[in-house]
file work-v9.txt (compact mmCIF, C-alpha atoms and all ligand atoms)
# COMPACT_ATOMS: atom_id res chain seq x y z
CA MET M 281 22.31 9.64 -24.54
CA GLU M 282 25.15 11.38 -26.35
CA LEU M 283 27.25 14.13 -24.83
CA CYS M 284 29.73 16.62 -26.31
CA LEU M 285 32.14 18.94 -24.58
CA ILE M 286 33.18 22.39 -25.80
CA CYS M 287 36.19 24.00 -24.13
CA ILE M 288 36.19 27.74 -24.71
CA GLY M 289 39.16 30.07 -24.32
CA ASP M 290 41.77 31.83 -26.47
CA GLU M 291 44.44 30.67 -24.01
CA LEU M 292 43.74 27.01 -24.83
CA LEU M 293 44.47 27.54 -28.53
CA LYS M 294 47.57 29.60 -27.86
CA GLY M 295 49.05 26.82 -25.73
CA ALA M 296 49.14 29.14 -22.72
CA THR M 297 46.83 26.84 -20.73
CA VAL M 298 46.77 23.06 -20.86
CA ASN M 299 43.22 21.79 -21.33
CA THR M 300 42.99 19.96 -18.02
CA ASN M 301 39.24 20.56 -17.86
CA MET M 302 38.76 18.04 -20.66
CA ALA M 303 40.73 15.41 -18.75
CA PHE M 304 38.93 16.06 -15.47
CA ILE M 305 35.46 16.06 -16.99
CA GLY M 306 36.22 12.95 -19.07
CA GLU M 307 37.38 11.07 -15.99
CA CYS M 308 34.34 12.10 -13.91
CA LEU M 309 31.98 11.14 -16.73
CA LEU M 310 33.61 7.74 -17.15
CA GLY M 311 32.85 7.16 -13.48
CA ILE M 312 29.11 7.39 -14.27
CA GLY M 313 29.38 5.45 -17.52
CA VAL M 314 29.29 8.34 -19.97
CA ILE M 315 31.96 8.81 -22.62
CA PRO M 316 31.74 12.10 -24.56
CA LYS M 317 31.18 11.65 -28.27
CA TYR M 318 33.80 14.31 -28.91
CA SER M 319 35.28 17.50 -27.56
CA LEU M 320 35.91 20.78 -29.37
CA VAL M 321 38.22 23.63 -28.39
CA VAL M 322 37.22 27.10 -29.61
CA PRO M 323 38.35 30.66 -28.95
CA ASP M 324 36.32 33.33 -27.10
CA THR M 325 34.80 34.42 -30.42
CA ARG M 326 31.08 34.46 -31.27
CA GLN M 327 31.15 32.74 -34.68
CA PRO M 328 33.30 29.71 -33.72
CA ILE M 329 31.28 29.28 -30.51
CA LEU M 330 28.00 29.32 -32.49
CA ALA M 331 29.42 26.83 -35.01
CA ALA M 332 30.61 24.55 -32.21
CA LEU M 333 27.18 24.69 -30.54
CA ASP M 334 25.45 23.81 -33.85
CA HIS M 335 27.79 20.89 -34.40
CA ALA M 336 27.52 19.61 -30.84
CA PHE M 337 23.71 19.89 -30.68
CA ALA M 338 23.40 18.09 -34.00
CA ASN M 339 25.35 15.19 -32.49
CA ALA M 340 24.43 15.13 -28.82
CA ASP M 341 21.59 15.60 -26.35
CA VAL M 342 23.77 17.18 -23.68
CA VAL M 343 26.52 19.74 -24.25
CA ILE M 344 28.96 20.88 -21.59
CA THR M 345 30.98 24.06 -22.02
CA THR M 346 33.88 25.29 -19.92
CA GLY M 347 35.27 28.82 -19.87
CA GLY M 348 34.17 32.25 -20.96
CA LEU M 349 32.00 32.99 -17.92
CA GLY M 350 34.30 35.63 -16.42
CA PRO M 351 33.25 39.28 -15.90
CA THR M 352 35.55 40.74 -18.57
CA ALA M 353 34.49 41.68 -22.09
CA ASP M 354 36.40 38.80 -23.69
CA ASP M 355 34.21 36.20 -21.94
CA ILE M 356 31.04 35.78 -24.03
CA THR M 357 29.94 32.16 -23.61
CA LYS M 358 26.74 32.95 -21.70
CA GLU M 359 25.65 35.65 -24.18
CA VAL M 360 26.22 33.40 -27.20
CA VAL M 361 24.42 30.43 -25.61
CA ALA M 362 21.47 32.66 -24.66
CA GLU M 363 21.35 33.87 -28.27
CA LYS M 364 21.39 30.28 -29.58
CA PHE M 365 18.48 29.32 -27.29
CA GLY M 366 16.64 32.58 -28.04
CA ARG M 367 16.60 33.66 -24.38
CA ARG M 368 17.04 37.07 -22.81
CA LEU M 369 19.48 37.70 -19.98
CA ASN M 370 17.97 39.00 -16.73
CA GLU M 371 19.62 40.03 -13.52
CA ASN M 372 19.30 37.39 -10.80
CA GLY M 373 18.85 39.25 -7.49
CA GLU M 374 20.30 36.48 -5.32
CA ILE M 375 23.51 36.31 -7.35
CA ALA M 376 23.77 40.13 -7.42
CA VAL M 377 23.57 40.26 -3.62
CA SER M 378 26.16 37.53 -3.14
CA LEU M 379 28.52 39.27 -5.61
CA GLN M 380 28.12 42.50 -3.62
CA HIS M 381 28.87 40.63 -0.37
CA TYR M 382 31.93 39.06 -1.91
CA TRP M 383 33.17 42.42 -3.17
CA ASN M 384 32.58 44.16 0.16
CA SER M 385 34.58 41.48 1.96
CA LEU M 386 37.63 42.41 -0.16
CA LYS M 387 37.44 46.04 1.09
CA ARG M 388 38.52 47.52 -2.24
CA GLY M 389 36.03 50.38 -2.60
CA PRO M 390 33.03 50.41 -4.97
CA MET M 391 32.32 47.27 -6.98
CA PRO M 392 33.16 47.55 -10.70
CA SER M 393 29.93 47.34 -12.69
CA ARG M 394 31.43 44.62 -14.90
CA LEU M 395 31.33 42.16 -12.01
CA LEU M 396 27.53 42.40 -12.08
CA ASN M 397 27.57 40.79 -15.55
CA GLN M 398 27.95 37.56 -13.65
CA SER M 399 24.49 37.98 -12.12
CA LEU M 400 22.87 37.91 -15.58
CA VAL M 401 21.04 34.64 -16.19
CA PRO M 402 19.21 33.49 -19.36
CA ASP M 403 15.43 33.10 -18.99
CA GLY M 404 14.55 29.67 -17.64
CA ALA M 405 18.12 28.67 -16.68
CA ASP M 406 18.96 26.86 -13.44
CA VAL M 407 21.86 28.37 -11.51
CA MET M 408 24.73 26.21 -10.24
CA LYS M 409 26.37 27.83 -7.20
CA ASN M 410 30.10 28.56 -7.38
CA SER M 411 31.57 27.82 -3.93
CA CYS M 412 35.11 28.78 -4.99
CA GLY M 413 34.62 31.91 -7.13
CA THR M 414 32.16 34.42 -8.52
CA ALA M 415 30.95 33.06 -11.89
CA PRO M 416 27.91 30.80 -11.36
CA GLY M 417 27.40 27.78 -13.59
CA LEU M 418 24.19 27.42 -15.58
CA HIS M 419 21.93 24.67 -16.87
CA LEU M 420 19.60 25.42 -19.73
CA SER M 421 17.28 23.18 -21.74
CA GLY M 422 15.33 23.96 -24.86
CA ASP M 423 15.28 23.55 -28.62
CA PRO M 424 18.33 25.45 -29.91
CA LEU M 425 18.18 23.87 -33.40
CA LYS M 426 14.46 24.66 -33.67
CA ASN M 427 13.66 21.18 -34.93
CA GLY M 428 11.58 19.93 -32.03
CA SER M 429 14.36 18.10 -30.15
CA VAL M 430 15.10 19.01 -26.53
CA LYS M 431 18.74 19.64 -25.74
CA HIS M 432 20.55 20.43 -22.52
CA ILE M 433 23.55 22.64 -22.00
CA ILE M 434 25.67 22.97 -18.87
CA LEU M 435 27.92 26.02 -18.67
CA LEU M 436 30.90 25.72 -16.33
CA PRO M 437 33.54 28.30 -15.41
CA GLY M 438 37.06 27.89 -16.86
CA PRO M 439 39.27 28.05 -13.76
CA PRO M 440 39.78 24.40 -12.71
CA ALA M 441 39.54 25.27 -9.00
CA GLU M 442 36.00 26.56 -9.58
CA MET M 443 34.92 24.14 -12.30
CA ARG M 444 35.94 20.92 -10.51
CA PRO M 445 33.83 21.11 -7.33
CA MET M 446 30.89 22.56 -9.27
CA PHE M 447 30.99 19.76 -11.83
CA LYS M 448 31.45 17.00 -9.27
CA GLU M 449 28.81 18.20 -6.83
CA GLN M 450 26.19 19.67 -9.18
CA GLY M 451 27.01 18.74 -12.80
CA ILE M 452 27.44 15.00 -12.33
CA PRO M 453 24.13 14.45 -10.43
CA LEU M 454 22.38 16.50 -13.11
CA ILE M 455 23.87 14.41 -15.94
CA GLN M 456 23.04 11.20 -14.08
CA SER M 457 19.41 12.30 -13.97
CA LEU M 458 19.49 12.72 -17.78
CA VAL M 459 21.23 9.42 -18.63
CA LYS M 460 18.84 6.58 -19.36
CA LYS M 461 21.29 3.79 -20.23
CA PRO M 462 24.69 4.38 -18.66
CA LEU M 463 27.74 2.46 -19.82
CA HIS M 464 29.63 0.47 -17.24
CA ALA M 465 33.39 0.80 -17.13
CA GLU M 466 36.33 -1.07 -15.61
CA LEU M 467 39.89 0.16 -15.54
CA LEU M 468 42.93 -2.10 -15.24
CA HIS M 469 46.57 -1.01 -14.88
CA VAL M 470 48.84 -3.50 -16.68
CA VAL M 471 52.55 -3.19 -15.87
CA GLY M 472 55.74 -4.38 -17.54
CA LEU M 473 54.14 -5.11 -20.94
CA GLY M 474 53.66 -3.01 -24.10
CA GLU M 475 50.27 -2.12 -25.57
CA SER M 476 50.51 -4.45 -28.54
CA VAL M 477 51.53 -7.45 -26.41
CA ILE M 478 48.59 -6.69 -24.13
CA GLU M 479 46.15 -6.48 -27.02
CA ASP M 480 47.43 -9.71 -28.61
CA ARG M 481 46.93 -11.55 -25.35
CA MET M 482 43.44 -10.14 -24.91
CA ILE M 483 42.08 -10.88 -28.39
CA PRO M 484 40.74 -14.39 -27.60
CA VAL M 485 38.77 -12.96 -24.68
CA ILE M 486 37.48 -9.73 -26.23
CA ALA M 487 37.04 -10.45 -29.95
CA GLY M 488 33.56 -10.86 -31.38
CA HIS M 489 31.69 -9.00 -28.64
CA PRO M 490 30.16 -5.84 -30.15
CA ASN M 491 28.80 -4.74 -26.76
CA LEU M 492 32.28 -4.66 -25.25
CA SER M 493 34.69 -1.88 -26.12
CA VAL M 494 38.32 -1.74 -25.14
CA ALA M 495 40.70 1.21 -25.13
CA TYR M 496 44.40 1.29 -24.26
CA CYS M 497 46.39 4.21 -22.88
CA ALA M 498 50.15 3.76 -22.50
CA SER M 499 52.40 5.74 -20.13
CA PRO M 500 55.95 5.13 -18.87
CA GLU M 501 54.56 3.43 -15.75
CA TYR M 502 51.79 1.23 -17.09
CA VAL M 503 49.20 0.68 -19.77
CA ARG M 504 45.67 1.52 -18.70
CA VAL M 505 43.06 -0.78 -20.20
CA PHE M 506 39.52 0.59 -20.21
CA LEU M 507 36.74 -1.95 -20.70
CA THR M 508 33.23 -0.58 -21.25
CA SER M 509 29.86 -2.20 -21.89
CA PRO M 510 26.20 -1.38 -21.36
CA ASP M 511 25.82 -4.84 -19.76
CA GLN M 512 27.25 -4.70 -16.25
CA GLU M 513 27.24 -8.45 -15.55
CA PHE M 514 28.88 -9.28 -18.88
CA LEU M 515 31.51 -6.60 -18.29
CA HIS M 516 32.27 -8.01 -14.87
CA HIS M 517 32.67 -11.50 -16.30
CA LYS M 518 34.93 -10.27 -19.13
CA THR M 519 37.02 -8.19 -16.74
CA ARG M 520 37.69 -11.29 -14.61
CA GLU M 521 38.74 -13.18 -17.73
CA VAL M 522 41.12 -10.37 -18.71
CA MET M 523 42.53 -10.20 -15.18
CA ASP M 524 43.28 -13.93 -15.35
CA LEU M 525 45.42 -13.25 -18.44
CA PHE M 526 47.61 -10.78 -16.56
CA LYS M 527 48.31 -12.44 -13.22
CA GLY M 528 51.38 -10.73 -11.76
CA GLU M 529 51.08 -7.89 -14.24
CA LEU M 530 48.29 -5.97 -12.50
CA PHE M 531 48.59 -3.69 -9.51
CA LEU M 532 47.11 -4.89 -6.24
CA PRO M 533 43.54 -3.66 -5.66
CA GLY M 534 43.57 -0.01 -4.65
CA CYS M 535 47.06 0.72 -6.05
CA LYS M 536 47.43 3.02 -9.05
CA SER M 537 51.23 3.39 -9.26
CA PHE M 538 54.42 1.46 -8.58
CA ALA M 539 55.06 3.68 -5.56
CA GLU M 540 51.65 2.92 -4.05
CA GLU M 541 52.12 -0.78 -4.71
CA LEU M 542 55.62 -0.81 -3.17
CA LEU M 543 54.35 1.14 -0.17
CA THR M 544 51.65 -1.49 0.36
CA LEU M 545 54.06 -4.42 -0.05
CA LEU M 546 56.76 -2.89 2.17
CA LYS M 547 54.22 -2.20 4.92
CA ARG M 548 52.87 -5.72 4.64
CA LYS M 549 56.38 -7.22 4.97
CA LYS M 550 57.47 -4.65 7.57
CA SER M 551 60.44 -3.75 5.34
CA LYS M 552 62.38 -0.54 4.81
CA LEU M 553 63.41 0.69 1.38
CA ALA M 554 66.56 2.51 0.21
CA VAL M 555 67.36 3.50 -3.37
CA ALA M 556 70.58 4.25 -5.27
CA GLU M 557 69.94 6.10 -8.49
CA SER M 558 72.34 7.03 -11.24
CA CYS M 559 70.60 7.73 -14.56
CA THR M 560 67.18 8.21 -12.94
CA GLY M 561 68.61 11.02 -10.80
CA GLY M 562 66.07 10.75 -7.97
CA ILE M 563 62.89 9.88 -9.90
CA ILE M 564 62.28 6.78 -7.77
CA ALA M 565 62.85 8.70 -4.54
CA GLN M 566 60.49 11.41 -5.76
CA ARG M 567 57.78 8.91 -6.70
CA MET M 568 58.05 7.26 -3.27
CA THR M 569 58.00 10.54 -1.34
CA ASP M 570 55.09 11.88 -3.43
CA ILE M 571 52.88 9.54 -1.41
CA PRO M 572 51.82 10.76 2.01
CA GLY M 573 52.84 8.26 4.65
CA SER M 574 55.82 6.89 2.72
CA SER M 575 58.10 7.79 5.62
CA SER M 576 56.96 4.61 7.36
CA VAL M 577 58.74 2.46 4.76
CA PHE M 578 61.14 4.70 2.79
CA ASN M 579 64.46 5.34 4.51
CA GLY M 580 66.00 7.44 1.73
CA GLY M 581 68.08 7.45 -1.40
CA VAL M 582 71.43 8.39 -2.89
CA VAL M 583 71.77 9.99 -6.30
CA ALA M 584 75.10 8.41 -7.20
CA TYR M 585 75.78 10.03 -10.54
CA ALA M 586 79.57 10.29 -10.51
CA ASN M 587 81.76 7.22 -10.07
CA GLU M 588 83.40 8.86 -7.03
CA VAL M 589 80.02 8.97 -5.30
CA LYS M 590 79.30 5.35 -6.17
CA THR M 591 82.62 4.51 -4.50
CA ALA M 592 82.71 6.94 -1.58
CA VAL M 593 79.06 6.72 -0.51
CA LEU M 594 77.92 3.30 -1.71
CA GLY M 595 81.22 1.40 -1.44
CA VAL M 596 81.32 0.29 -5.10
CA SER M 597 84.97 -0.70 -5.54
CA GLY M 598 87.25 1.10 -7.94
CA GLU M 599 88.36 -2.26 -9.39
CA LEU M 600 84.76 -3.22 -10.17
CA LEU M 601 84.16 0.08 -11.96
CA GLU M 602 87.46 -0.33 -13.82
CA GLU M 603 86.65 -3.88 -14.91
CA TYR M 604 82.93 -3.68 -15.76
CA GLY M 605 82.14 0.04 -16.01
CA ALA M 606 79.50 2.06 -14.19
CA VAL M 607 76.75 0.82 -16.53
CA SER M 608 76.95 -2.87 -15.73
CA ALA M 609 75.09 -5.58 -13.86
CA GLU M 610 77.99 -5.82 -11.39
CA CYS M 611 77.84 -2.10 -10.59
CA ALA M 612 74.04 -2.16 -10.15
CA ALA M 613 74.31 -5.08 -7.72
CA ALA M 614 77.08 -3.37 -5.74
CA MET M 615 75.04 -0.15 -5.63
CA VAL M 616 71.94 -1.83 -4.21
CA GLU M 617 73.92 -3.77 -1.63
CA GLY M 618 75.85 -0.63 -0.70
CA VAL M 619 72.77 1.56 -0.27
CA CYS M 620 70.90 -1.04 1.80
CA ALA M 621 73.89 -1.33 4.15
CA LYS M 622 74.46 2.41 4.32
CA LEU M 623 70.81 3.38 4.86
CA ASN M 624 69.92 0.42 7.04
CA ALA M 625 67.27 -1.01 4.72
CA ASP M 626 66.34 -4.60 3.89
CA ALA M 627 64.76 -3.69 0.55
CA GLY M 628 66.58 -1.76 -2.15
CA ILE M 629 66.55 -0.56 -5.73
CA ALA M 630 69.54 0.59 -7.78
CA VAL M 631 69.56 1.89 -11.34
CA THR M 632 72.45 2.62 -13.66
CA GLY M 633 72.14 3.17 -17.38
CA ILE M 634 72.66 5.37 -20.41
CA ALA M 635 69.84 7.90 -20.76
CA GLY M 636 71.39 9.65 -23.78
CA PRO M 637 71.38 11.44 -26.05
CA ASP M 638 75.19 11.02 -25.82
CA GLY M 639 77.34 8.43 -24.13
CA GLY M 640 76.15 5.32 -26.02
CA SER M 641 78.42 2.81 -27.75
CA VAL M 642 77.97 -0.35 -29.81
CA HIS M 643 78.17 -2.56 -26.73
CA LYS M 644 76.35 -0.19 -24.42
CA PRO M 645 73.80 1.76 -26.50
CA VAL M 646 71.59 4.61 -25.30
CA GLY M 647 68.63 3.09 -23.45
CA LEU M 648 70.61 0.25 -21.85
CA VAL M 649 69.72 0.22 -18.16
CA TYR M 650 70.66 -2.18 -15.39
CA ALA M 651 68.35 -2.41 -12.40
CA ALA M 652 69.30 -4.30 -9.26
CA VAL M 653 66.84 -4.95 -6.47
CA ARG M 654 67.25 -6.52 -3.08
CA PHE M 655 64.80 -8.14 -0.70
CA ASN M 656 64.99 -10.84 1.94
CA GLY M 657 68.78 -11.10 1.57
CA GLN M 658 68.54 -11.76 -2.19
CA THR M 659 69.83 -9.48 -4.92
CA ILE M 660 68.67 -9.79 -8.51
CA VAL M 661 69.82 -7.80 -11.53
CA ARG M 662 68.18 -7.40 -14.92
CA ASP M 663 69.08 -5.44 -18.02
CA PHE M 664 66.50 -3.39 -19.91
CA HIS M 665 66.65 -1.81 -23.35
CA HIS M 666 64.45 1.25 -23.27
CA ARG M 667 63.55 3.37 -26.28
CA GLY M 668 62.72 7.06 -26.58
CA GLY M 669 64.33 10.34 -25.60
CA ARG M 670 66.22 11.05 -22.39
CA GLU M 671 63.07 11.80 -20.40
CA GLN M 672 61.25 8.67 -21.51
CA ILE M 673 64.27 6.45 -20.91
CA ARG M 674 64.71 7.83 -17.38
CA HIS M 675 61.04 7.36 -16.47
CA ARG M 676 60.88 3.91 -18.04
CA ALA M 677 64.08 2.96 -16.20
CA ALA M 678 62.52 4.03 -12.90
CA SER M 679 59.34 2.07 -13.68
CA SER M 680 61.11 -1.13 -14.72
CA ALA M 681 63.33 -1.04 -11.62
CA MET M 682 60.34 -0.46 -9.32
CA ASN M 683 58.48 -3.25 -11.09
CA LEU M 684 61.43 -5.57 -10.55
CA LEU M 685 61.37 -5.03 -6.78
CA ARG M 686 57.61 -5.46 -6.80
CA ARG M 687 57.98 -8.77 -8.63
CA LEU M 688 60.72 -9.99 -6.29
CA MET M 689 58.58 -9.14 -3.27
CA LEU M 690 55.59 -10.97 -4.79
CA GLY M 691 57.72 -14.07 -5.46
CA LEU M 692 57.46 -13.63 -9.24
CA GLU M 693 61.24 -13.37 -9.81
CA THR M 694 64.03 -15.65 -8.77
CA PRO M 695 67.76 -14.87 -8.77
P1 LIG M 701 37.09 31.97 -17.79
O1 LIG M 701 37.23 33.33 -17.18
O2 LIG M 701 35.84 31.26 -17.34
O3 LIG M 701 37.24 31.98 -19.27
O4 LIG M 701 38.31 31.12 -17.23
C1 LIG M 701 39.62 31.56 -17.43
C2 LIG M 701 40.60 30.84 -16.55
O5 LIG M 701 40.37 29.43 -16.54
C3 LIG M 701 42.02 31.00 -17.04
O6 LIG M 701 42.89 31.06 -15.93
C4 LIG M 701 42.25 29.76 -17.85
O7 LIG M 701 43.61 29.47 -18.00
C5 LIG M 701 41.47 28.72 -17.08
N1 LIG M 701 40.93 27.72 -18.00
C6 LIG M 701 39.99 27.94 -18.93
N2 LIG M 701 39.70 26.84 -19.63
C7 LIG M 701 40.50 25.86 -19.13
C8 LIG M 701 40.68 24.47 -19.45
N3 LIG M 701 39.97 23.88 -20.43
N4 LIG M 701 41.59 23.78 -18.72
C9 LIG M 701 42.28 24.38 -17.75
N5 LIG M 701 42.16 25.67 -17.41
C10 LIG M 701 41.28 26.42 -18.09
MG MG M 702 38.13 33.23 -20.67

call {"tool": "encode", "arguments": {"input": "work-v9.txt", "output": "structure tokens"}}
result
Amino acid sequence: MELCLICIGDELLKGATVNTNMAFIGECLLGIGVIPKYSLVVPDTRQPILAALDHAFANADVVITTGGLGPTADDITKEVVAEKFGRRLNENGEIAVSLQHYWNSLKRGPMPSRLLNQSLVPDGADVMKNSCGTAPGLHLSGDPLKNGSVKHIILLPGPPAEMRPMFKEQGIPLIQSLVKKPLHAELLHVVGLGESVIEDRMIPVIAGHPNLSVAYCASPEYVRVFLTSPDQEFLHHKTREVMDLFKGELFLPGCKSFAEELLTLLKRKKSKLAVAESCTGGIIAQRMTDIPGSSSVFNGGVVAYANEVKTAVLGVSGELLEEYGAVSAECAAAMVEGVCAKLNADAGIAVTGIAGPDGGSVHKPVGLVYAAVRFNGQTIVRDFHHRGGREQIRHRAASSAMNLLRRLMLGLETP
């Protein structure tokens, strides 16, 4: 079964709204072994919507649309879809009553007649209840291309808060009932290696298997490797083989970020973490505190940007800074030891580097970052050479430093 997605809304094309519906729907579909053939983004305009429907129905059995179900005149998705299927719109009494109830509860006087547009349903459509808003979703099947082939369309509202629960609770079970041969998917998070290194290492395991497809998605924290196959047992076997290639470079089961992994390891070892951040400016502390429950292992952090702070708060000596500079292995080590002592922690991370765009030199170019980590009375320091703009360098610096502590705690690094 093939599936296409059409995201409808002027705001998507103007860049006023990020198309998060595509990402959410794609992720949910992957969970049931369906990967959309493609996705189109079109404005709230009849002709482009009709063209997108023609294209999608020519290529897929199921089409999902998001957006354009609101009560205002600019939202026309339902009308255009009804036209394509040759159906009339009729008022649905149940929806009309619930709209009236909703309006009355707001106590804003008489209901605008426009709102009732949302109770119009094409002949033969199934209604999907909207538990978080007023626009119902719809499921319609028929022969829109008039060539004898049955197609399905699922219309979802645009606002993510309404679309997400509706799609998860009603759309996904519906699609599952239509899928005859689902794909099976596995997702691995590989850390500390680039995409091309990962692919090179995987080639002996994955090459020459047409029923196995592999996709890579790189981010500053990790590379996600998606493995998909219609054969579940074969996929399982191949996934194990791939996992064996990346021992020490995969998150622990259940962890999807460095912060989650560190939280798990610190809890396991009954350790407390403190961080001293210069060029990352608090990114590591933010990532740790983003996770509920991190207070049980994270004592705190110091953003030691200026040399005076490195000295006054972390105890990095003026002579050390004079001799080696703030961006140095020696400074990173002194920072991590200082912050662990100051914040009463037995595990620590310190980062100092040149995030750019200015401040680089021949010996210390932009992207040079020293990370020092401490655990079990041992301090180790490594230098990293990150590429990219300031933002990328800072996030990559945070990731490589967190990975270094993770590796030390797992016994994968020695001083
Ligand atoms: P609608 O009235 O159904 O067209 O939905 C409009 C609202 O949903 C606006 O707030 C949009 O910014 C939001 N929206 C529409 N499409 C998307 C999308 N693909 N991703 C995220 N938000 C969206
Ligand atoms: Mg709209």

call {"tool": "residues_near_ligand", "arguments": {"input": "work-v9.txt", "ligand": "ligand LIG 701 (chain M)", "cutoff": "9 Å", "atoms": "all atoms listed in the file", "output": "PDB file with C-alpha atoms, in the frame of the given file"}}
result
ATOM      1  CA  ILE M 286      33.180  22.390 -25.800  1.00  0.00           C
ATOM      2  CA  CYS M 287      36.190  24.000 -24.130  1.00  0.00           C
ATOM      3  CA  ILE M 288      36.190  27.740 -24.710  1.00  0.00           C
ATOM      4  CA  GLY M 289      39.160  30.070 -24.320  1.00  0.00           C
ATOM      5  CA  ASP M 290      41.770  31.830 -26.470  1.00  0.00           C
ATOM      6  CA  GLU M 291      44.440  30.670 -24.010  1.00  0.00           C
ATOM      7  CA  LEU M 292      43.740  27.010 -24.830  1.00  0.00           C
ATOM      8  CA  ALA M 296      49.140  29.140 -22.720  1.00  0.00           C
ATOM      9  CA  THR M 297      46.830  26.840 -20.730  1.00  0.00           C
ATOM     10  CA  VAL M 298      46.770  23.060 -20.860  1.00  0.00           C
ATOM     11  CA  ASN M 299      43.220  21.790 -21.330  1.00  0.00           C
ATOM     12  CA  THR M 300      42.990  19.960 -18.020  1.00  0.00           C
ATOM     13  CA  ASN M 301      39.240  20.560 -17.860  1.00  0.00           C
ATOM     14  CA  MET M 302      38.760  18.040 -20.660  1.00  0.00           C
ATOM     15  CA  ALA M 303      40.730  15.410 -18.750  1.00  0.00           C
ATOM     16  CA  PHE M 304      38.930  16.060 -15.470  1.00  0.00           C
ATOM     17  CA  VAL M 321      38.220  23.630 -28.390  1.00  0.00           C
ATOM     18  CA  ASP M 324      36.320  33.330 -27.100  1.00  0.00           C
ATOM     19  CA  THR M 346      33.880  25.290 -19.920  1.00  0.00           C
ATOM     20  CA  GLY M 347      35.270  28.820 -19.870  1.00  0.00           C
ATOM     21  CA  GLY M 348      34.170  32.250 -20.960  1.00  0.00           C
ATOM     22  CA  LEU M 349      32.000  32.990 -17.920  1.00  0.00           C
ATOM     23  CA  GLY M 350      34.300  35.630 -16.420  1.00  0.00           C
ATOM     24  CA  PRO M 351      33.250  39.280 -15.900  1.00  0.00           C
ATOM     25  CA  THR M 352      35.550  40.740 -18.570  1.00  0.00           C
ATOM     26  CA  ASP M 354      36.400  38.800 -23.690  1.00  0.00           C
ATOM     27  CA  ASP M 355      34.210  36.200 -21.940  1.00  0.00           C
ATOM     28  CA  ILE M 356      31.040  35.780 -24.030  1.00  0.00           C
ATOM     29  CA  THR M 357      29.940  32.160 -23.610  1.00  0.00           C
ATOM     30  CA  ALA M 415      30.950  33.060 -11.890  1.00  0.00           C
ATOM     31  CA  LEU M 436      30.900  25.720 -16.330  1.00  0.00           C
ATOM     32  CA  PRO M 437      33.540  28.300 -15.410  1.00  0.00           C
ATOM     33  CA  GLY M 438      37.060  27.890 -16.860  1.00  0.00           C
ATOM     34  CA  PRO M 439      39.270  28.050 -13.760  1.00  0.00           C
ATOM     35  CA  PRO M 440      39.780  24.400 -12.710  1.00  0.00           C
ATOM     36  CA  ALA M 441      39.540  25.270  -9.000  1.00  0.00           C
ATOM     37  CA  GLU M 442      36.000  26.560  -9.580  1.00  0.00           C
ATOM     38  CA  MET M 443      34.920  24.140 -12.300  1.00  0.00           C
TER      39      MET M 443
END

call {"tool": "atom_distance", "arguments": {"input": "work-v9.txt", "atom1": "CA of Ala376 (chain M)", "atom2": "CA of Ile455 (chain M)"}}
result
27.1 Å

call {"tool": "closest_residue", "arguments": {"input": "work-v9.txt", "among": "M:Lys622, M:Gly472, M:Asp480, M:Lys358", "to": "ligand MG 702 (chain M)", "atoms": "all atoms listed in the file"}}
result
M:Lys358

call {"tool": "atom_distance", "arguments": {"input": "work-v9.txt", "atom1": "CA of Glu282 (chain M)", "atom2": "CA of Lys317 (chain M)"}}
result
6.3 Å

call {"tool": "residues_around", "arguments": {"input": "work-v9.txt", "residues": "Leu601 (chain M)", "least_positions_apart": "6", "cutoff": "9 Å", "atoms": "all atoms listed in the file", "output": "list in words"}}
result
Asn587, Thr591, Val607, Ser608, Glu610 and Cys611 of chain M

call {"tool": "residues_around", "arguments": {"input": "work-v9.txt", "residues": "Val401 (chain M)", "least_positions_apart": "4", "cutoff": "12 Å", "atoms": "only C-alpha atoms", "output": "MDAnalysis selection string"}}
result
chainID M and resid 349 357:359 361:362 367:376 396:397 405:408 415:420 435

call {"tool": "closest_residue", "arguments": {"input": "work-v9.txt", "among": "M:Ile564, M:Ile344, M:Cys620, M:Leu553", "to": "Ala678 (chain M)", "atoms": "all atoms listed in the file"}}
result
M:Ile564

call {"tool": "closest_residue", "arguments": {"input": "work-v9.txt", "among": "M:Leu467, M:Ile483, M:Leu594, M:Leu379", "to": "His516 (chain M)", "atoms": "only C-alpha atoms"}}
result
M:Leu467

call {"tool": "closest_residue", "arguments": {"input": "work-v9.txt", "among": "M:Gly313, M:Lys409, M:Lys431, M:Val555", "to": "Gln456 (chain M)", "atoms": "only C-alpha atoms"}}
result
M:Gly313

call {"tool": "residues_around", "arguments": {"input": "work-v9.txt", "residues": "Val589 (chain M)", "least_positions_apart": "6", "cutoff": "12 Å", "atoms": "only C-alpha atoms", "output": "PyMOL selection string"}}
result
chain M and resi 556-558+582-583+595-598+601+606+615+618-619

call {"tool": "closest_residue", "arguments": {"input": "work-v9.txt", "among": "M:Thr325, M:Ser551, M:Ser509, M:Ser476", "to": "ligand MG 702 (chain M)", "atoms": "all atoms listed in the file"}}
result
M:Thr325

call {"tool": "atom_distance", "arguments": {"input": "work-v9.txt", "atom1": "CA of Leu293 (chain M)", "atom2": "CA of Arg444 (chain M)"}}
result
21.0 Å

call {"tool": "closest_atom_pairs", "arguments": {"input": "work-v9.txt", "of": "region 431-503 of chain M", "to": "region 669-674 of chain M", "cutoff": "12 Å", "atoms": "all atoms listed in the file", "output": "Markdown table"}}
result
| residue | atom | partner | partner_atom | distance |
| --- | --- | --- | --- | --- |
| M:Ser499 | CA | M:Gln672 | CA | 9.4 |
| M:Pro500 | CA | M:Gln672 | CA | 6.9 |
| M:Glu501 | CA | M:Gln672 | CA | 10.3 |
